[in-house]
$ cat data_6.cif   # mmCIF, C-alpha atoms and all ligand atoms
data_final
loop_
_atom_site.label_atom_id
_atom_site.label_comp_id
_atom_site.auth_asym_id
_atom_site.auth_seq_id
_atom_site.Cartn_x
_atom_site.Cartn_y
_atom_site.Cartn_z
CA MET A 141 -1.55 -5.51 28.63
CA PRO A 142 -4.17 -8.05 27.50
CA ARG A 143 -2.72 -10.96 25.51
CA VAL A 144 -3.62 -11.80 21.92
CA VAL A 145 -3.40 -15.15 20.13
CA THR A 146 -3.71 -14.82 16.33
CA ILE A 147 -4.96 -17.59 14.05
CA ASP A 148 -4.65 -16.89 10.34
CA GLY A 149 -5.05 -19.07 7.28
CA PRO A 150 -7.14 -19.80 4.20
CA ALA A 151 -10.91 -20.31 4.10
CA GLY A 152 -11.95 -23.73 5.37
CA ALA A 153 -8.79 -24.47 7.37
CA GLY A 154 -10.90 -24.67 10.53
CA LYS A 155 -9.87 -21.30 11.96
CA SER A 156 -13.28 -20.23 13.25
CA SER A 157 -14.16 -23.46 15.03
CA VAL A 158 -10.66 -23.80 16.44
CA ALA A 159 -10.44 -20.17 17.57
CA ARG A 160 -13.89 -20.24 19.18
CA ARG A 161 -13.14 -23.46 21.08
CA LEU A 162 -9.67 -22.29 22.06
CA ALA A 163 -11.08 -19.03 23.42
CA GLY A 164 -13.57 -21.08 25.47
CA ARG A 165 -10.78 -23.28 26.86
CA LEU A 166 -8.64 -20.31 27.84
CA GLY A 167 -11.57 -18.20 29.07
CA TRP A 168 -10.59 -15.48 26.60
CA ARG A 169 -12.65 -13.46 24.13
CA PHE A 170 -13.09 -14.66 20.56
CA LEU A 171 -12.91 -12.33 17.55
CA ASP A 172 -14.05 -13.50 14.09
CA THR A 173 -12.66 -10.79 11.78
CA GLY A 174 -14.16 -12.43 8.67
CA ALA A 175 -17.58 -11.66 10.19
CA MET A 176 -16.61 -7.98 10.25
CA TYR A 177 -15.85 -7.98 6.51
CA ARG A 178 -19.03 -9.94 5.93
CA VAL A 179 -21.33 -7.55 7.83
CA VAL A 180 -19.89 -4.57 5.92
CA THR A 181 -20.51 -6.53 2.69
CA LEU A 182 -24.13 -7.24 3.65
CA ALA A 183 -24.73 -3.56 4.45
CA ALA A 184 -23.09 -2.52 1.16
CA LEU A 185 -25.24 -4.94 -0.87
CA ARG A 186 -28.39 -3.73 0.84
CA SER A 187 -27.59 -0.05 0.38
CA GLY A 188 -26.71 -0.47 -3.29
CA ALA A 189 -23.25 1.04 -2.70
CA ASP A 190 -20.76 0.78 -5.57
CA LEU A 191 -18.65 -2.16 -4.40
CA ALA A 192 -15.74 -1.02 -6.56
CA SER A 193 -15.64 2.43 -4.94
CA ASP A 194 -13.30 2.74 -1.97
CA HIS A 195 -14.84 6.13 -1.24
CA ASP A 196 -18.41 4.76 -1.07
CA LEU A 197 -17.37 1.77 1.05
CA GLY A 198 -15.36 4.00 3.39
CA LYS A 199 -18.36 6.25 3.94
CA LEU A 200 -20.63 3.28 4.52
CA VAL A 201 -18.34 1.70 7.12
CA ASP A 202 -17.93 5.03 8.96
CA ASP A 203 -21.71 5.29 9.42
CA LEU A 204 -22.30 1.63 10.24
CA ASP A 205 -24.01 0.63 13.49
CA VAL A 206 -22.65 -2.86 14.23
CA SER A 207 -22.42 -4.68 17.55
CA TRP A 208 -21.01 -8.02 18.66
CA LEU A 209 -22.99 -9.77 21.35
CA ALA A 210 -22.03 -13.21 22.66
CA GLY A 211 -21.55 -14.83 19.26
CA GLN A 212 -24.21 -12.71 17.53
CA VAL A 213 -23.68 -9.97 14.98
CA LEU A 214 -26.18 -7.11 15.05
CA LEU A 215 -26.63 -4.58 12.25
CA GLY A 216 -28.61 -1.85 13.93
CA ARG A 217 -31.05 -3.98 15.94
CA GLU A 218 -31.24 -6.81 13.43
CA ASP A 219 -29.52 -10.13 14.13
CA VAL A 220 -27.59 -10.81 10.89
CA THR A 221 -25.49 -13.73 12.21
CA ALA A 222 -26.97 -16.15 9.64
CA ALA A 223 -27.46 -13.61 6.83
CA ILE A 224 -23.73 -12.80 6.62
CA ARG A 225 -22.95 -16.48 5.84
CA GLY A 226 -24.96 -16.50 2.59
CA VAL A 227 -23.42 -17.26 -0.78
CA GLU A 228 -24.02 -13.73 -2.12
CA VAL A 229 -22.20 -12.10 0.80
CA THR A 230 -19.33 -14.59 0.52
CA GLY A 231 -18.93 -13.80 -3.19
CA ALA A 232 -19.08 -10.01 -2.79
CA SER A 233 -16.86 -9.86 0.32
CA ARG A 234 -13.69 -9.67 -1.76
CA PHE A 235 -14.54 -6.12 -2.91
CA VAL A 236 -14.94 -5.04 0.68
CA ALA A 237 -11.77 -6.88 1.72
CA ASP A 238 -9.84 -5.06 -1.02
CA SER A 239 -10.98 -1.59 0.12
CA PRO A 240 -8.19 0.32 1.94
CA SER A 241 -10.73 2.53 3.77
CA VAL A 242 -12.66 -0.47 5.06
CA ARG A 243 -9.48 -2.26 6.13
CA ARG A 244 -8.22 0.80 8.00
CA ARG A 245 -11.46 1.10 9.94
CA LEU A 246 -11.79 -2.64 10.67
CA VAL A 247 -8.22 -2.78 11.96
CA GLN A 248 -9.23 -0.04 14.44
CA TRP A 249 -12.30 -2.07 15.49
CA GLN A 250 -10.17 -5.19 15.92
CA ARG A 251 -7.53 -3.47 18.06
CA ALA A 252 -10.21 -1.78 20.18
CA PHE A 253 -11.92 -5.15 20.73
CA ALA A 254 -8.67 -6.79 21.87
CA ALA A 255 -7.60 -3.87 24.07
CA GLY A 256 -10.23 -4.76 26.66
CA ALA A 257 -9.38 -8.39 27.47
CA ASP A 258 -7.27 -11.39 26.44
CA THR A 259 -8.42 -12.35 22.94
CA VAL A 260 -8.16 -15.17 20.41
CA THR A 261 -8.59 -13.61 16.98
CA GLU A 262 -8.85 -15.24 13.55
CA GLY A 263 -8.56 -13.95 9.99
CA ARG A 264 -5.98 -13.47 7.25
CA ASP A 265 -3.83 -10.56 8.50
CA GLN A 266 -4.05 -10.80 12.28
CA GLY A 267 -0.46 -11.90 12.95
CA THR A 268 1.09 -9.80 10.17
CA ILE A 269 -0.72 -6.44 10.22
CA VAL A 270 -3.18 -6.10 13.06
CA PHE A 271 -1.31 -7.65 16.00
CA PRO A 272 2.39 -7.86 15.05
CA ASP A 273 3.30 -8.15 18.76
CA ALA A 274 0.80 -10.91 19.56
CA PHE A 275 1.57 -13.29 22.44
CA ARG A 276 1.32 -16.33 20.13
CA LYS A 277 0.71 -16.60 16.37
CA PHE A 278 -0.58 -19.58 14.40
CA PHE A 279 -1.21 -20.18 10.71
CA LEU A 280 -3.58 -23.06 9.96
CA THR A 281 -3.57 -24.76 6.57
CA ALA A 282 -5.08 -27.89 5.02
CA THR A 283 -5.18 -29.21 1.47
CA VAL A 284 -7.75 -27.47 -0.71
CA GLU A 285 -9.62 -30.76 -1.18
CA GLU A 286 -9.92 -31.29 2.56
CA ARG A 287 -11.07 -27.71 3.08
CA ALA A 288 -13.65 -28.13 0.31
CA ARG A 289 -14.96 -31.32 1.97
CA ARG A 290 -15.40 -29.50 5.29
CA ARG A 291 -17.04 -26.47 3.69
CA PHE A 292 -19.35 -28.69 1.63
CA ALA A 293 -20.49 -30.54 4.77
CA ASP A 294 -21.12 -27.21 6.58
CA LEU A 295 -23.15 -25.86 3.67
CA GLN A 296 -25.21 -29.03 3.46
CA ALA A 297 -25.85 -28.91 7.21
CA SER A 298 -27.10 -25.32 6.88
CA GLY A 299 -29.40 -26.25 3.98
CA GLN A 300 -27.45 -24.53 1.18
CA SER A 301 -27.26 -26.74 -1.91
CA LEU A 302 -24.07 -26.28 -3.91
CA SER A 303 -22.10 -28.95 -5.75
CA PHE A 304 -18.79 -30.15 -4.28
CA GLU A 305 -17.01 -29.03 -7.48
CA SER A 306 -18.30 -25.47 -7.16
CA VAL A 307 -17.21 -25.32 -3.51
CA LEU A 308 -13.73 -26.55 -4.50
CA GLU A 309 -13.47 -24.04 -7.33
CA ASP A 310 -14.69 -21.21 -5.08
CA LEU A 311 -11.97 -22.03 -2.52
CA ARG A 312 -9.28 -22.06 -5.22
CA VAL A 313 -10.40 -18.63 -6.43
CA ARG A 314 -10.60 -17.23 -2.88
CA ASP A 315 -7.14 -18.58 -2.00
CA ALA A 316 -5.65 -16.89 -5.08
CA ARG A 317 -7.36 -13.59 -4.22
CA ASP A 318 -6.42 -13.70 -0.53
CA VAL A 319 -2.76 -14.27 -1.42
CA ALA A 320 -2.66 -11.66 -4.20
CA ARG A 321 -4.51 -8.86 -2.35
CA PRO A 322 -2.43 -5.66 -2.67
CA ILE A 323 -3.05 -4.66 0.94
CA ALA A 324 -2.80 -7.14 3.81
CA PRO A 325 -2.38 -10.28 1.66
CA MET A 326 -2.79 -13.59 3.45
CA LYS A 327 0.58 -14.96 4.55
CA PRO A 328 2.03 -16.44 7.71
CA ALA A 329 3.81 -13.98 10.00
CA GLU A 330 7.53 -14.77 10.20
CA ASP A 331 7.11 -15.80 13.82
CA ALA A 332 3.89 -17.82 13.31
CA VAL A 333 3.69 -21.56 13.99
CA LEU A 334 2.37 -23.37 10.88
CA ILE A 335 -0.06 -26.21 11.49
CA ASP A 336 -1.44 -28.46 8.73
CA THR A 337 -4.88 -29.52 10.00
CA SER A 338 -5.51 -32.09 7.22
CA GLY A 339 -6.72 -35.27 8.86
CA MET A 340 -6.97 -33.66 12.30
CA THR A 341 -10.15 -33.07 14.30
CA ILE A 342 -10.91 -29.64 15.72
CA ASP A 343 -10.20 -30.94 19.22
CA GLN A 344 -6.79 -32.26 18.17
CA VAL A 345 -5.86 -28.89 16.72
CA VAL A 346 -7.07 -27.08 19.83
CA GLU A 347 -4.98 -29.41 22.03
CA GLN A 348 -1.88 -28.60 19.99
CA LEU A 349 -2.47 -24.88 20.30
CA VAL A 350 -3.18 -25.07 24.04
CA GLY A 351 0.09 -26.98 24.46
CA ARG A 352 2.05 -24.31 22.62
CA ILE A 353 0.31 -21.43 24.42
CA THR A 354 0.83 -22.76 27.90
CA THR A 355 4.53 -23.59 27.45
CA THR A 356 6.79 -20.75 28.53
CA ASP A 357 9.22 -20.84 25.60
CA GLN A 358 7.90 -19.96 22.12
O1 LIG B 401 -13.03 -15.91 6.77
P1 LIG B 401 -14.25 -15.46 6.03
O2 LIG B 401 -14.61 -16.32 4.87
O3 LIG B 401 -15.43 -15.22 6.92
O4 LIG B 401 -13.86 -14.02 5.42
C1 LIG B 401 -14.80 -13.20 4.74
C2 LIG B 401 -14.04 -12.27 3.77
O5 LIG B 401 -13.21 -11.34 4.47
C3 LIG B 401 -13.14 -12.98 2.77
O6 LIG B 401 -13.23 -12.31 1.52
C4 LIG B 401 -11.74 -12.81 3.37
O7 LIG B 401 -10.76 -12.80 2.38
C5 LIG B 401 -11.86 -11.46 4.04
N1 LIG B 401 -11.02 -11.29 5.24
C6 LIG B 401 -9.96 -10.44 5.20
N2 LIG B 401 -9.20 -10.23 6.32
C7 LIG B 401 -9.51 -10.84 7.47
C8 LIG B 401 -10.60 -11.74 7.54
C9 LIG B 401 -11.34 -11.96 6.40
O8 LIG B 401 -9.67 -9.85 4.15
N3 LIG B 401 -8.78 -10.59 8.57
#
$ encode --input "data_6.cif" --output "structure tokens"
Amino acid sequence: MPRVVTIDGPAGAGKSSVARRLAGRLGWRFLDTGAMYRVVTLAALRSGADLASDHDLGKLVDDLDVSWLAGQVLLGREDVTAAIRGVEVTGASRFVADSPSVRRRLVQWQRAFAAGADTVTEGRDQGTIVFPDAFRKFFLTATVEERARRRFADLQASGQSLSFESVLEDLRVRDARDVARPIAPMKPAEDAVLIDTSGMTIDQVVEQLVGRITTTDQ
């Protein structure tokens, strides 16, 4: 059976960078489940689907032609890797994340992805819902101010101009929604290791995880 390491936690806790680097270190596959919700959101926005309709979103996701190629996300033949990171997609993604039909289908995609090879996966519900029997589970946190600082720097680097205050407020709102979601709310699995990444570099976090993964006792 291929092994799975789950990394869950709030937006801006460093999950993506840590999970990607960890997967590289271990020689495992990397799965960014937020990108899955984002690509469905982009397709829904483009098609004019009613974002509040579980039925419409379920139909859309069933017909979607998405592929994951070495760090790229393709919608049909179009590379949408950058497009799914836009502010509009980020804002609308909560409707898609709240849709039971979408979640059901994406959980199937995630399990199918991890069935083929050892995988490091990151998201909100990976240790609780999608991979309850994962080999190792981690939950990364950081103070909301620190997460806002990191997100603000990323946005500036990618040329998106938002104020620090709006980034901080957006994270507060997203945290509240992620925790309160009726299905698959964000929470640490009972057997997850909690790591506060405030003040730590990505490499330091990765070292900690590697240490815990390569030890024989949990
Ligand atoms: O992590 P990221 O910001 O890319 O997530 C995009 C959206 O998908 C967010 O609304 C987040 O709450 C949601 N999500 C989710 N379950 C996951 C991963 C992300 O509901 N496993």
$ residues_near_point --input "data_6.cif" --point "(-8.3, -6.9, 26.2)" --cutoff "12 Å" --atoms "only C-alpha atoms" --output "MDAnalysis selection string"
chainID A and resid 141:145 168:171 250:261 274
$ write_last_selection --input "data_6.cif" --atoms "C-alpha atoms" --output "compact mmCIF listing (two decimals), keeping the file's coordinate frame"
# COMPACT_ATOMS: atom_id res chain seq x y z
CA MET A 141 -1.55 -5.51 28.63
CA PRO A 142 -4.17 -8.05 27.50
CA ARG A 143 -2.72 -10.96 25.51
CA VAL A 144 -3.62 -11.80 21.92
CA VAL A 145 -3.40 -15.15 20.13
CA TRP A 168 -10.59 -15.48 26.60
CA ARG A 169 -12.65 -13.46 24.13
CA PHE A 170 -13.09 -14.66 20.56
CA LEU A 171 -12.91 -12.33 17.55
CA GLN A 250 -10.17 -5.19 15.92
CA ARG A 251 -7.53 -3.47 18.06
CA ALA A 252 -10.21 -1.78 20.18
CA PHE A 253 -11.92 -5.15 20.73
CA ALA A 254 -8.67 -6.79 21.87
CA ALA A 255 -7.60 -3.87 24.07
CA GLY A 256 -10.23 -4.76 26.66
CA ALA A 257 -9.38 -8.39 27.47
CA ASP A 258 -7.27 -11.39 26.44
CA THR A 259 -8.42 -12.35 22.94
CA VAL A 260 -8.16 -15.17 20.41
CA THR A 261 -8.59 -13.61 16.98
CA ALA A 274 0.80 -10.91 19.56
$ closest_residue --input "data_6.cif" --among "A:Glu286, A:Asp310, A:Asp205, A:Asp219" --to "ligand LIG 401 (chain B)" --atoms "all atoms listed in the file"
A:Asp310
$ closest_atom_pairs --input "data_6.cif" --of "chain A" --to "ligand LIG 401 (chain B)" --cutoff "10 Å" --atoms "all atoms listed in the file" --output "Markdown table"
| residue | atom | partner | partner_atom | distance |
| --- | --- | --- | --- | --- |
| A:Ile147 | CA | B:LIG401 | N3 | 9.7 |
| A:Asp148 | CA | B:LIG401 | N3 | 7.7 |
| A:Gly149 | CA | B:LIG401 | O1 | 8.6 |
| A:Pro150 | CA | B:LIG401 | O1 | 7.5 |
| A:Ala151 | CA | B:LIG401 | O2 | 5.5 |
| A:Gly152 | CA | B:LIG401 | O2 | 7.9 |
| A:Ala153 | CA | B:LIG401 | O1 | 9.6 |
| A:Gly154 | CA | B:LIG401 | O1 | 9.8 |
| A:Lys155 | CA | B:LIG401 | O1 | 8.1 |
| A:Ser156 | CA | B:LIG401 | O1 | 7.8 |
| A:Asp172 | CA | B:LIG401 | O3 | 7.5 |
| A:Thr173 | CA | B:LIG401 | C8 | 4.8 |
| A:Gly174 | CA | B:LIG401 | O3 | 3.5 |
| A:Ala175 | CA | B:LIG401 | O3 | 5.3 |
| A:Met176 | CA | B:LIG401 | O5 | 7.5 |
| A:Tyr177 | CA | B:LIG401 | O5 | 4.7 |
| A:Arg178 | CA | B:LIG401 | C1 | 5.5 |
| A:Val179 | CA | B:LIG401 | C1 | 9.2 |
| A:Val180 | CA | B:LIG401 | O5 | 9.6 |
| A:Thr181 | CA | B:LIG401 | C2 | 8.7 |
| A:Ile224 | CA | B:LIG401 | O3 | 8.7 |
| A:Arg225 | CA | B:LIG401 | O3 | 7.7 |
| A:Val229 | CA | B:LIG401 | C1 | 8.5 |
| A:Thr230 | CA | B:LIG401 | C1 | 6.3 |
| A:Gly231 | CA | B:LIG401 | O6 | 7.5 |
| A:Ala232 | CA | B:LIG401 | O6 | 7.6 |
| A:Ser233 | CA | B:LIG401 | O6 | 4.5 |
| A:Arg234 | CA | B:LIG401 | O6 | 4.2 |
| A:Phe235 | CA | B:LIG401 | O6 | 7.7 |
| A:Val236 | CA | B:LIG401 | O6 | 7.5 |
| A:Ala237 | CA | B:LIG401 | O8 | 4.4 |
| A:Asp238 | CA | B:LIG401 | O8 | 7.0 |
| A:Ser239 | CA | B:LIG401 | O8 | 9.3 |
| A:Val242 | CA | B:LIG401 | O8 | 9.9 |
| A:Arg243 | CA | B:LIG401 | O8 | 7.8 |
| A:Leu246 | CA | B:LIG401 | N3 | 8.8 |
| A:Val247 | CA | B:LIG401 | N3 | 8.5 |
| A:Gln250 | CA | B:LIG401 | N3 | 9.2 |
| A:Thr261 | CA | B:LIG401 | N3 | 8.9 |
| A:Glu262 | CA | B:LIG401 | N3 | 6.8 |
| A:Gly263 | CA | B:LIG401 | N3 | 3.7 |
| A:Arg264 | CA | B:LIG401 | N3 | 4.2 |
| A:Asp265 | CA | B:LIG401 | N3 | 5.0 |
| A:Gln266 | CA | B:LIG401 | N3 | 6.0 |
| A:Gly267 | CA | B:LIG401 | N3 | 9.5 |
| A:Ile269 | CA | B:LIG401 | N3 | 9.2 |
| A:Val270 | CA | B:LIG401 | N3 | 8.5 |
| A:Leu311 | CA | B:LIG401 | O2 | 9.7 |
| A:Arg314 | CA | B:LIG401 | O7 | 6.9 |
| A:Asp315 | CA | B:LIG401 | O7 | 8.1 |
| A:Ala316 | CA | B:LIG401 | O7 | 9.9 |
| A:Arg317 | CA | B:LIG401 | O7 | 7.5 |
| A:Asp318 | CA | B:LIG401 | O7 | 5.3 |
| A:Val319 | CA | B:LIG401 | O7 | 9.0 |
| A:Arg321 | CA | B:LIG401 | O8 | 8.4 |
| A:Ile323 | CA | B:LIG401 | O8 | 9.0 |
| A:Ala324 | CA | B:LIG401 | O8 | 7.4 |
| A:Pro325 | CA | B:LIG401 | O8 | 7.7 |
| A:Met326 | CA | B:LIG401 | N2 | 7.8 |
$ write_last_selection --input "data_6.cif" --atoms "C-alpha atoms" --output "PDB file, in the frame of the given file"
ATOM      1  CA  ILE A 147      -4.960 -17.590  14.050  1.00  0.00           C
ATOM      2  CA  ASP A 148      -4.650 -16.890  10.340  1.00  0.00           C
ATOM      3  CA  GLY A 149      -5.050 -19.070   7.280  1.00  0.00           C
ATOM      4  CA  PRO A 150      -7.140 -19.800   4.200  1.00  0.00           C
ATOM      5  CA  ALA A 151     -10.910 -20.310   4.100  1.00  0.00           C
ATOM      6  CA  GLY A 152     -11.950 -23.730   5.370  1.00  0.00           C
ATOM      7  CA  ALA A 153      -8.790 -24.470   7.370  1.00  0.00           C
ATOM      8  CA  GLY A 154     -10.900 -24.670  10.530  1.00  0.00           C
ATOM      9  CA  LYS A 155      -9.870 -21.300  11.960  1.00  0.00           C
ATOM     10  CA  SER A 156     -13.280 -20.230  13.250  1.00  0.00           C
ATOM     11  CA  ASP A 172     -14.050 -13.500  14.090  1.00  0.00           C
ATOM     12  CA  THR A 173     -12.660 -10.790  11.780  1.00  0.00           C
ATOM     13  CA  GLY A 174     -14.160 -12.430   8.670  1.00  0.00           C
ATOM     14  CA  ALA A 175     -17.580 -11.660  10.190  1.00  0.00           C
ATOM     15  CA  MET A 176     -16.610  -7.980  10.250  1.00  0.00           C
ATOM     16  CA  TYR A 177     -15.850  -7.980   6.510  1.00  0.00           C
ATOM     17  CA  ARG A 178     -19.030  -9.940   5.930  1.00  0.00           C
ATOM     18  CA  VAL A 179     -21.330  -7.550   7.830  1.00  0.00           C
ATOM     19  CA  VAL A 180     -19.890  -4.570   5.920  1.00  0.00           C
ATOM     20  CA  THR A 181     -20.510  -6.530   2.690  1.00  0.00           C
ATOM     21  CA  ILE A 224     -23.730 -12.800   6.620  1.00  0.00           C
ATOM     22  CA  ARG A 225     -22.950 -16.480   5.840  1.00  0.00           C
ATOM     23  CA  VAL A 229     -22.200 -12.100   0.800  1.00  0.00           C
ATOM     24  CA  THR A 230     -19.330 -14.590   0.520  1.00  0.00           C
ATOM     25  CA  GLY A 231     -18.930 -13.800  -3.190  1.00  0.00           C
ATOM     26  CA  ALA A 232     -19.080 -10.010  -2.790  1.00  0.00           C
ATOM     27  CA  SER A 233     -16.860  -9.860   0.320  1.00  0.00           C
ATOM     28  CA  ARG A 234     -13.690  -9.670  -1.760  1.00  0.00           C
ATOM     29  CA  PHE A 235     -14.540  -6.120  -2.910  1.00  0.00           C
ATOM     30  CA  VAL A 236     -14.940  -5.040   0.680  1.00  0.00           C
ATOM     31  CA  ALA A 237     -11.770  -6.880   1.720  1.00  0.00           C
ATOM     32  CA  ASP A 238      -9.840  -5.060  -1.020  1.00  0.00           C
ATOM     33  CA  SER A 239     -10.980  -1.590   0.120  1.00  0.00           C
ATOM     34  CA  VAL A 242     -12.660  -0.470   5.060  1.00  0.00           C
ATOM     35  CA  ARG A 243      -9.480  -2.260   6.130  1.00  0.00           C
ATOM     36  CA  LEU A 246     -11.790  -2.640  10.670  1.00  0.00           C
ATOM     37  CA  VAL A 247      -8.220  -2.780  11.960  1.00  0.00           C
ATOM     38  CA  GLN A 250     -10.170  -5.190  15.920  1.00  0.00           C
ATOM     39  CA  THR A 261      -8.590 -13.610  16.980  1.00  0.00           C
ATOM     40  CA  GLU A 262      -8.850 -15.240  13.550  1.00  0.00           C
ATOM     41  CA  GLY A 263      -8.560 -13.950   9.990  1.00  0.00           C
ATOM     42  CA  ARG A 264      -5.980 -13.470   7.250  1.00  0.00           C
ATOM     43  CA  ASP A 265      -3.830 -10.560   8.500  1.00  0.00           C
ATOM     44  CA  GLN A 266      -4.050 -10.800  12.280  1.00  0.00           C
ATOM     45  CA  GLY A 267      -0.460 -11.900  12.950  1.00  0.00           C
ATOM     46  CA  ILE A 269      -0.720  -6.440  10.220  1.00  0.00           C
ATOM     47  CA  VAL A 270      -3.180  -6.100  13.060  1.00  0.00           C
ATOM     48  CA  LEU A 311     -11.970 -22.030  -2.520  1.00  0.00           C
ATOM     49  CA  ARG A 314     -10.600 -17.230  -2.880  1.00  0.00           C
ATOM     50  CA  ASP A 315      -7.140 -18.580  -2.000  1.00  0.00           C
ATOM     51  CA  ALA A 316      -5.650 -16.890  -5.080  1.00  0.00           C
ATOM     52  CA  ARG A 317      -7.360 -13.590  -4.220  1.00  0.00           C
ATOM     53  CA  ASP A 318      -6.420 -13.700  -0.530  1.00  0.00           C
ATOM     54  CA  VAL A 319      -2.760 -14.270  -1.420  1.00  0.00           C
ATOM     55  CA  ARG A 321      -4.510  -8.860  -2.350  1.00  0.00           C
ATOM     56  CA  ILE A 323      -3.050  -4.660   0.940  1.00  0.00           C
ATOM     57  CA  ALA A 324      -2.800  -7.140   3.810  1.00  0.00           C
ATOM     58  CA  PRO A 325      -2.380 -10.280   1.660  1.00  0.00           C
ATOM     59  CA  MET A 326      -2.790 -13.590   3.450  1.00  0.00           C
TER      60      MET A 326
END
$ closest_residue --input "data_6.cif" --among "A:Val345, A:Leu182, A:Leu295, A:Asp331" --to "A:Leu214" --atoms "only C-alpha atoms"
A:Leu182
$ atom_distance --input "data_6.cif" --atom1 "atom CA of A:Ile342" --atom2 "atom CA of A:Val158"
5.9 Å
$ atom_distance --input "data_6.cif" --atom1 "atom CA of A:Ala297" --atom2 "atom CA of A:Trp208"
24.3 Å
$ atom_distance --input "data_6.cif" --atom1 "atom CA of A:Val220" --atom2 "atom CA of A:Arg287"
24.9 Å
$ closest_residue --input "data_6.cif" --among "A:Arg245, A:Glu330, A:Gly226, A:Val213" --to "A:Leu200" --atoms "all atoms listed in the file"
A:Arg245
$ build_atoms --input "data_6.cif" --residues "stretch 275-280 of chain A" --atoms "all heavy atoms" --output "PDB file, in the coordinates of the input"
ATOM      1  N   PHE A 275       0.967 -12.354  21.476  1.00  0.00           N
ATOM      2  CA  PHE A 275       1.570 -13.290  22.440  1.00  0.00           C
ATOM      3  C   PHE A 275       1.951 -14.602  21.753  1.00  0.00           C
ATOM      4  O   PHE A 275       3.038 -15.142  21.941  1.00  0.00           O
ATOM      5  CB  PHE A 275       0.540 -13.521  23.546  1.00  0.00           C
ATOM      6  CG  PHE A 275       0.908 -14.527  24.575  1.00  0.00           C
ATOM      7  CD1 PHE A 275       1.972 -14.317  25.437  1.00  0.00           C
ATOM      8  CD2 PHE A 275       0.153 -15.694  24.710  1.00  0.00           C
ATOM      9  CE1 PHE A 275       2.291 -15.257  26.407  1.00  0.00           C
ATOM     10  CE2 PHE A 275       0.466 -16.637  25.675  1.00  0.00           C
ATOM     11  CZ  PHE A 275       1.542 -16.407  26.521  1.00  0.00           C
ATOM     12  N   ARG A 276       1.050 -15.143  20.938  1.00  0.00           N
ATOM     13  CA  ARG A 276       1.320 -16.330  20.130  1.00  0.00           C
ATOM     14  C   ARG A 276       0.634 -16.156  18.778  1.00  0.00           C
ATOM     15  O   ARG A 276      -0.466 -15.594  18.707  1.00  0.00           O
ATOM     16  CB  ARG A 276       0.760 -17.599  20.756  1.00  0.00           C
ATOM     17  CG  ARG A 276       1.434 -18.009  22.051  1.00  0.00           C
ATOM     18  CD  ARG A 276       2.793 -18.651  21.817  1.00  0.00           C
ATOM     19  NE  ARG A 276       3.297 -19.223  23.051  1.00  0.00           N
ATOM     20  CZ  ARG A 276       3.962 -18.557  23.991  1.00  0.00           C
ATOM     21  NH1 ARG A 276       4.201 -17.263  23.848  1.00  0.00           N
ATOM     22  NH2 ARG A 276       4.374 -19.180  25.079  1.00  0.00           N
ATOM     23  N   LYS A 277       1.288 -16.688  17.715  1.00  0.00           N
ATOM     24  CA  LYS A 277       0.710 -16.600  16.370  1.00  0.00           C
ATOM     25  C   LYS A 277       0.684 -17.989  15.727  1.00  0.00           C
ATOM     26  O   LYS A 277       1.682 -18.708  15.783  1.00  0.00           O
ATOM     27  CB  LYS A 277       1.572 -15.697  15.484  1.00  0.00           C
ATOM     28  CG  LYS A 277       1.666 -14.259  15.963  1.00  0.00           C
ATOM     29  CD  LYS A 277       2.558 -13.459  15.034  1.00  0.00           C
ATOM     30  CE  LYS A 277       2.745 -12.055  15.563  1.00  0.00           C
ATOM     31  NZ  LYS A 277       3.664 -11.268  14.718  1.00  0.00           N
ATOM     32  N   PHE A 278      -0.449 -18.290  15.099  1.00  0.00           N
ATOM     33  CA  PHE A 278      -0.580 -19.580  14.400  1.00  0.00           C
ATOM     34  C   PHE A 278      -1.097 -19.334  12.989  1.00  0.00           C
ATOM     35  O   PHE A 278      -1.839 -18.374  12.739  1.00  0.00           O
ATOM     36  CB  PHE A 278      -1.558 -20.496  15.135  1.00  0.00           C
ATOM     37  CG  PHE A 278      -1.125 -20.824  16.532  1.00  0.00           C
ATOM     38  CD1 PHE A 278      -1.637 -20.139  17.623  1.00  0.00           C
ATOM     39  CD2 PHE A 278      -0.161 -21.801  16.754  1.00  0.00           C
ATOM     40  CE1 PHE A 278      -1.218 -20.426  18.917  1.00  0.00           C
ATOM     41  CE2 PHE A 278       0.270 -22.100  18.043  1.00  0.00           C
ATOM     42  CZ  PHE A 278      -0.264 -21.408  19.125  1.00  0.00           C
ATOM     43  N   PHE A 279      -0.695 -20.217  12.084  1.00  0.00           N
ATOM     44  CA  PHE A 279      -1.210 -20.180  10.710  1.00  0.00           C
ATOM     45  C   PHE A 279      -1.687 -21.582  10.392  1.00  0.00           C
ATOM     46  O   PHE A 279      -0.897 -22.521  10.338  1.00  0.00           O
ATOM     47  CB  PHE A 279      -0.106 -19.727   9.752  1.00  0.00           C
ATOM     48  CG  PHE A 279      -0.618 -19.369   8.374  1.00  0.00           C
ATOM     49  CD1 PHE A 279      -1.041 -18.070   8.088  1.00  0.00           C
ATOM     50  CD2 PHE A 279      -0.677 -20.323   7.375  1.00  0.00           C
ATOM     51  CE1 PHE A 279      -1.507 -17.734   6.830  1.00  0.00           C
ATOM     52  CE2 PHE A 279      -1.152 -19.998   6.101  1.00  0.00           C
ATOM     53  CZ  PHE A 279      -1.560 -18.697   5.832  1.00  0.00           C
ATOM     54  N   LEU A 280      -3.001 -21.737  10.220  1.00  0.00           N
ATOM     55  CA  LEU A 280      -3.580 -23.060   9.960  1.00  0.00           C
ATOM     56  C   LEU A 280      -3.756 -23.264   8.452  1.00  0.00           C
ATOM     57  O   LEU A 280      -4.280 -22.385   7.772  1.00  0.00           O
ATOM     58  CB  LEU A 280      -4.950 -23.205  10.620  1.00  0.00           C
ATOM     59  CG  LEU A 280      -5.051 -23.028  12.130  1.00  0.00           C
ATOM     60  CD1 LEU A 280      -6.438 -23.466  12.604  1.00  0.00           C
ATOM     61  CD2 LEU A 280      -3.985 -23.821  12.872  1.00  0.00           C
TER      62      LEU A 280
END
